[in-house]
file target-v7.tsv (TSV, C-alpha atoms)
chain	number	residue	atom	x	y	z
A	1	MET	CA	7.56	-0.60	-57.64
A	2	ALA	CA	10.66	-2.74	-57.20
A	3	ALA	CA	10.89	-6.19	-58.73
A	4	ILE	CA	12.70	-9.18	-57.20
A	5	GLU	CA	13.77	-12.08	-59.42
A	6	ALA	CA	14.37	-15.56	-57.95
A	7	LYS	CA	17.89	-15.62	-59.43
A	8	HIS	CA	18.76	-12.54	-57.33
A	9	VAL	CA	17.76	-14.05	-53.94
A	10	PHE	CA	20.59	-14.65	-51.46
A	11	SER	CA	18.51	-15.96	-48.55
A	12	ASP	CA	14.86	-16.99	-48.49
A	13	GLY	CA	13.89	-17.84	-44.94
A	14	GLN	CA	17.49	-18.69	-44.05
A	15	THR	CA	18.01	-19.18	-40.33
A	16	VAL	CA	20.45	-16.88	-38.61
A	17	ALA	CA	20.37	-18.70	-35.25
A	18	ILE	CA	24.15	-18.41	-34.99
A	19	ASN	CA	26.42	-18.77	-31.95
A	20	ALA	CA	28.66	-15.93	-30.84
A	21	ALA	CA	31.92	-15.50	-32.79
A	22	ALA	CA	30.52	-17.54	-35.69
A	23	SER	CA	29.14	-16.78	-39.14
A	24	ALA	CA	27.03	-18.19	-41.96
A	25	THR	CA	27.08	-17.51	-45.68
A	26	SER	CA	23.88	-16.96	-47.65
A	27	THR	CA	22.22	-20.06	-49.02
A	28	ASN	CA	22.53	-18.72	-52.56
A	29	VAL	CA	25.19	-16.85	-54.49
A	30	VAL	CA	24.06	-14.33	-57.09
A	31	ARG	CA	25.96	-14.23	-60.37
A	32	LEU	CA	25.75	-10.95	-62.23
A	33	ALA	CA	26.41	-10.71	-65.94
A	34	THR	CA	30.04	-9.96	-66.70
A	35	GLY	CA	30.78	-7.04	-68.94
A	36	LYS	CA	27.39	-5.43	-68.27
A	37	THR	CA	27.37	-1.72	-67.53
A	38	TYR	CA	25.14	-0.98	-64.56
A	39	ARG	CA	23.66	2.49	-64.33
A	40	ARG	CA	24.89	4.72	-61.54
A	41	TYR	CA	22.54	5.88	-58.83
A	42	THR	CA	21.69	9.57	-58.72
A	43	ASN	CA	23.21	9.87	-55.25
A	44	ALA	CA	25.88	7.13	-55.54
A	45	ALA	CA	28.25	8.87	-53.16
A	46	THR	CA	25.95	7.96	-50.27
A	47	LYS	CA	24.57	4.80	-51.93
A	48	PHE	CA	21.02	6.10	-51.65
A	49	ALA	CA	18.72	6.04	-54.64
A	50	ASP	CA	16.42	8.70	-55.89
A	51	PRO	CA	12.88	7.36	-56.50
A	52	SER	CA	13.43	8.04	-60.21
A	53	ASP	CA	16.33	5.54	-60.28
A	54	VAL	CA	14.24	2.76	-61.79
A	55	GLY	CA	16.20	-0.22	-63.13
A	56	LYS	CA	19.09	0.06	-60.72
A	57	LEU	CA	20.12	-2.63	-58.26
A	58	ARG	CA	19.33	-2.40	-54.54
A	59	LEU	CA	20.03	-4.75	-51.66
A	60	LEU	CA	17.05	-5.62	-49.45
A	61	VAL	CA	17.40	-7.60	-46.20
A	62	LYS	CA	14.31	-8.34	-44.06
A	63	VAL	CA	13.26	-10.53	-41.14
A	64	THR	CA	10.94	-13.26	-42.39
A	65	ASP	CA	9.06	-16.31	-41.01
A	66	GLU	CA	10.47	-16.03	-37.45
A	67	LEU	CA	11.27	-13.27	-34.92
A	68	LEU	CA	14.92	-12.22	-34.73
A	69	GLU	CA	15.81	-12.84	-31.08
A	70	ALA	CA	19.05	-13.00	-29.10
A	71	ALA	CA	20.09	-15.01	-26.02
A	72	ALA	CA	20.98	-11.73	-24.28
A	73	ASP	CA	20.22	-8.10	-25.06
A	74	GLY	CA	22.70	-6.25	-27.25
A	75	ALA	CA	23.75	-9.08	-29.54
A	76	VAL	CA	25.10	-7.77	-32.83
A	77	LEU	CA	24.32	-9.37	-36.20
A	78	THR	CA	26.56	-7.94	-38.92
A	79	ILE	CA	25.24	-8.38	-42.45
A	80	LYS	CA	28.02	-8.17	-45.05
A	81	LEU	CA	27.59	-7.93	-48.81
A	82	MET	CA	30.52	-9.88	-50.29
A	83	LYS	CA	31.93	-10.08	-53.83
A	84	HIS	CA	34.31	-12.57	-55.42
A	85	THR	CA	35.58	-13.82	-58.77
A	86	THR	CA	34.28	-17.32	-57.86
A	87	SER	CA	31.21	-18.59	-56.03
A	88	ALA	CA	33.27	-18.82	-52.78
A	89	VAL	CA	31.98	-15.40	-51.71
A	90	GLY	CA	32.71	-15.96	-48.01
A	91	SER	CA	36.43	-15.57	-48.76
A	92	GLY	CA	35.86	-12.60	-51.05
A	93	THR	CA	35.91	-8.84	-50.53
A	94	GLU	CA	33.41	-6.99	-48.38
A	95	VAL	CA	31.46	-4.41	-50.41
A	96	ASP	CA	29.51	-2.95	-47.50
A	97	SER	CA	28.09	-4.03	-44.17
A	98	LYS	CA	25.51	-3.11	-41.58
A	99	ALA	CA	25.49	-4.01	-37.88
A	100	VAL	CA	22.07	-4.70	-36.37
A	101	THR	CA	21.46	-4.88	-32.61
A	102	VAL	CA	19.31	-7.86	-31.60
A	103	ASN	CA	17.54	-8.16	-28.22
A	104	THR	CA	15.64	-10.80	-26.26
A	105	ALA	CA	11.89	-11.32	-26.51
A	106	GLY	CA	11.47	-9.59	-23.14
A	107	THR	CA	13.16	-6.41	-24.36
A	108	GLY	CA	11.82	-6.57	-27.87
A	109	ALA	CA	12.84	-9.10	-30.48
A	110	THR	CA	12.90	-7.82	-34.06
A	111	ALA	CA	9.51	-8.41	-35.68
A	112	ILE	CA	8.78	-10.41	-38.82
A	113	GLY	CA	8.67	-8.02	-41.78
A	114	THR	CA	11.21	-5.59	-40.33
A	115	THR	CA	13.61	-4.22	-42.94
A	116	LEU	CA	17.15	-4.56	-41.62
A	117	TRP	CA	18.96	-3.07	-44.61
A	118	ASP	CA	17.89	-1.48	-47.89
A	119	ILE	CA	20.49	0.36	-49.96
A	120	GLY	CA	21.23	1.20	-53.55
A	121	LEU	CA	24.40	-0.44	-54.85
A	122	PRO	CA	27.09	1.86	-56.23
A	123	VAL	CA	28.08	0.76	-59.72
A	124	ASP	CA	31.80	0.96	-58.99
A	125	GLU	CA	31.43	-1.95	-56.53
A	126	LEU	CA	29.86	-4.24	-59.15
A	127	ASP	CA	33.24	-5.23	-60.58
A	128	GLU	CA	33.13	-8.93	-59.65
A	129	GLU	CA	30.87	-11.65	-61.01
A	130	TYR	CA	29.68	-13.34	-57.80
A	131	PHE	CA	27.91	-11.82	-54.78
A	132	GLY	CA	26.69	-13.23	-51.49
A	133	ILE	CA	25.84	-12.30	-47.93
A	134	GLU	CA	27.86	-13.16	-44.84
A	135	TYR	CA	25.98	-13.12	-41.50
A	136	ASP	CA	28.37	-12.62	-38.54
A	137	VAL	CA	27.49	-12.70	-34.84
A	138	ALA	CA	29.90	-10.99	-32.44
A	139	THR	CA	29.37	-11.51	-28.70
A	140	GLN	CA	25.94	-12.99	-27.91
A	141	ASN	CA	24.17	-15.94	-29.54
A	142	ILE	CA	21.24	-15.29	-31.87
A	143	ASP	CA	18.57	-17.79	-30.72
A	144	THR	CA	16.01	-17.45	-33.51
A	145	GLY	CA	15.50	-15.56	-36.71
A	146	LYS	CA	15.07	-16.05	-40.41
A	147	ILE	CA	16.21	-13.69	-43.12
A	148	PHE	CA	15.17	-12.79	-46.65
A	149	ALA	CA	17.94	-11.06	-48.64
A	150	ALA	CA	17.95	-10.23	-52.34
A	151	LEU	CA	19.03	-7.80	-55.00
A	152	MET	CA	16.03	-5.97	-56.35
A	153	ASP	CA	15.65	-4.02	-59.52
A	154	GLY	CA	14.09	-0.62	-58.99
A	155	ALA	CA	14.06	2.17	-56.50
A	156	GLU	CA	11.92	2.63	-53.42
A	157	LYS	CA	12.64	5.22	-50.79
A	158	THR	CA	13.15	3.64	-47.38
A	159	SER	CA	13.50	4.87	-43.83
A	160	GLU	CA	17.30	4.72	-44.19
A	161	GLU	CA	17.32	7.29	-46.97
A	162	PRO	CA	17.40	11.06	-46.53
A	163	VAL	CA	14.22	12.97	-47.32

call {"tool": "encode", "arguments": {"input": "target-v7.tsv", "output": "structure tokens"}}
result
Amino acid sequence: MAAIEAKHVFSDGQTVAINAAASATSTNVVRLATGKTYRRYTNAATKFADPSDVGKLRLLVKVTDELLEAAADGAVLTIKLMKHTTSAVGSGTEVDSKAVTVNTAGTGATAIGTTLWDIGLPVDELDEEYFGIEYDVATQNIDTGKIFAALMDGAEKTSEEPV
């Protein structure tokens, strides 16, 4: 079972009701210990963890507290994991990202509890001290939605991982 520590939470019910062509940075910045050697995932080339990879960092992003709903179908919310040498992670380097399509309530808003992103972090990307999440909206406004995002310690197979 994966464990989530409060100090590893980027967003806890953070609203992502963001207008088109705008962005928001996670409420919190996570500071990882400098000089620590993080263990490599079994399948680090694809960033997916083996269930035996206990004690390794994963990124979990879920919809929480409020449906994720767009003003028009086909809105795109891009979730970016950022790293930086200071706590100004929004101006840092993108580690990885995932684009999520968001629709209206009539077509099917994204339900509370839906996992948007769950990946194992490759150790070679953990070379900076500060990490955060950047939420970007491309063409259509996101009307409602709240996000939980955190680093978790431990491995759980998810629907994004190969069987």

call {"tool": "atom_distance", "arguments": {"input": "target-v7.tsv", "atom1": "atom CA of A:Lys62", "atom2": "atom CA of A:Ser11"}}
result
9.8 Å

call {"tool": "closest_residue", "arguments": {"input": "target-v7.tsv", "among": "A:Val61, A:Thr115, A:Glu134, A:Leu77", "to": "A:Glu94", "atoms": "all atoms listed in the file"}}
result
A:Glu134

call {"tool": "closest_residue", "arguments": {"input": "target-v7.tsv", "among": "A:Met82, A:Ala71, A:Val63, A:Val9", "to": "A:Asp127", "atoms": "all atoms listed in the file"}}
result
A:Met82

call {"tool": "closest_residue", "arguments": {"input": "target-v7.tsv", "among": "A:Leu81, A:Phe148, A:Leu59, A:Ile133", "to": "A:Ser26", "atoms": "all atoms listed in the file"}}
result
A:Ile133

call {"tool": "atom_distance", "arguments": {"input": "target-v7.tsv", "atom1": "atom CA of A:Asp96", "atom2": "atom CA of A:Ile119"}}
result
9.9 Å

call {"tool": "atom_distance", "arguments": {"input": "target-v7.tsv", "atom1": "atom CA of A:Val30", "atom2": "atom CA of A:Ala6"}}
result
9.8 Å

call {"tool": "residues_near_point", "arguments": {"input": "target-v7.tsv", "point": "(26.7, -10.9, -35.6)", "cutoff": "9 Å", "atoms": "all atoms listed in the file", "output": "list of chain:residue names"}}
result
A:Ile18, A:Asn19, A:Ala20, A:Ala21, A:Ala22, A:Ser23, A:Ala75, A:Val76, A:Leu77, A:Thr78, A:Ile79, A:Ala99, A:Val100, A:Thr101, A:Val102, A:Tyr135, A:Asp136, A:Val137, A:Ala138, A:Thr139, A:Gln140, A:Asn141, A:Ile142

call {"tool": "write_last_selection", "arguments": {"input": "target-v7.tsv", "atoms": "C-alpha atoms", "output": "PDB file, keeping the file's coordinate frame"}}
result
ATOM      1  CA  ILE A  18      24.150 -18.410 -34.990  1.00  0.00           C
ATOM      2  CA  ASN A  19      26.420 -18.770 -31.950  1.00  0.00           C
ATOM      3  CA  ALA A  20      28.660 -15.930 -30.840  1.00  0.00           C
ATOM      4  CA  ALA A  21      31.920 -15.500 -32.790  1.00  0.00           C
ATOM      5  CA  ALA A  22      30.520 -17.540 -35.690  1.00  0.00           C
ATOM      6  CA  SER A  23      29.140 -16.780 -39.140  1.00  0.00           C
ATOM      7  CA  ALA A  75      23.750  -9.080 -29.540  1.00  0.00           C
ATOM      8  CA  VAL A  76      25.100  -7.770 -32.830  1.00  0.00           C
ATOM      9  CA  LEU A  77      24.320  -9.370 -36.200  1.00  0.00           C
ATOM     10  CA  THR A  78      26.560  -7.940 -38.920  1.00  0.00           C
ATOM     11  CA  ILE A  79      25.240  -8.380 -42.450  1.00  0.00           C
ATOM     12  CA  ALA A  99      25.490  -4.010 -37.880  1.00  0.00           C
ATOM     13  CA  VAL A 100      22.070  -4.700 -36.370  1.00  0.00           C
ATOM     14  CA  THR A 101      21.460  -4.880 -32.610  1.00  0.00           C
ATOM     15  CA  VAL A 102      19.310  -7.860 -31.600  1.00  0.00           C
ATOM     16  CA  TYR A 135      25.980 -13.120 -41.500  1.00  0.00           C
ATOM     17  CA  ASP A 136      28.370 -12.620 -38.540  1.00  0.00           C
ATOM     18  CA  VAL A 137      27.490 -12.700 -34.840  1.00  0.00           C
ATOM     19  CA  ALA A 138      29.900 -10.990 -32.440  1.00  0.00           C
ATOM     20  CA  THR A 139      29.370 -11.510 -28.700  1.00  0.00           C
ATOM     21  CA  GLN A 140      25.940 -12.990 -27.910  1.00  0.00           C
ATOM     22  CA  ASN A 141      24.170 -15.940 -29.540  1.00  0.00           C
ATOM     23  CA  ILE A 142      21.240 -15.290 -31.870  1.00  0.00           C
TER      24      ILE A 142
END

call {"tool": "residues_around", "arguments": {"input": "target-v7.tsv", "residues": "A:Asp65", "least_positions_apart": "6", "cutoff": "10 Å", "atoms": "only C-alpha atoms", "output": "NGL selection string"}}
result
:A and (12-15 or 111-113 or 145-148)

call {"tool": "residues_near_point", "arguments": {"input": "target-v7.tsv", "point": "(26.6, -19.6, -50.0)", "cutoff": "10 Å", "atoms": "only C-alpha atoms", "output": "list in words"}}
result
Phe10, Ser11, Ala24, Thr25, Ser26, Thr27, Asn28, Val29, Val30, Ser87, Ala88, Val89, Gly90, Phe131, Gly132, Ile133 and Glu134 of chain A

call {"tool": "residues_around", "arguments": {"input": "target-v7.tsv", "residues": "A:Leu68", "least_positions_apart": "5", "cutoff": "6 Å", "atoms": "all atoms listed in the file", "output": "VMD selection string"}}
result
chain A and resid 109 to 110 144 to 145

call {"tool": "closest_residue", "arguments": {"input": "target-v7.tsv", "among": "A:Asp143, A:Gly106, A:Tyr130, A:Thr85", "to": "A:His8", "atoms": "all atoms listed in the file"}}
result
A:Tyr130
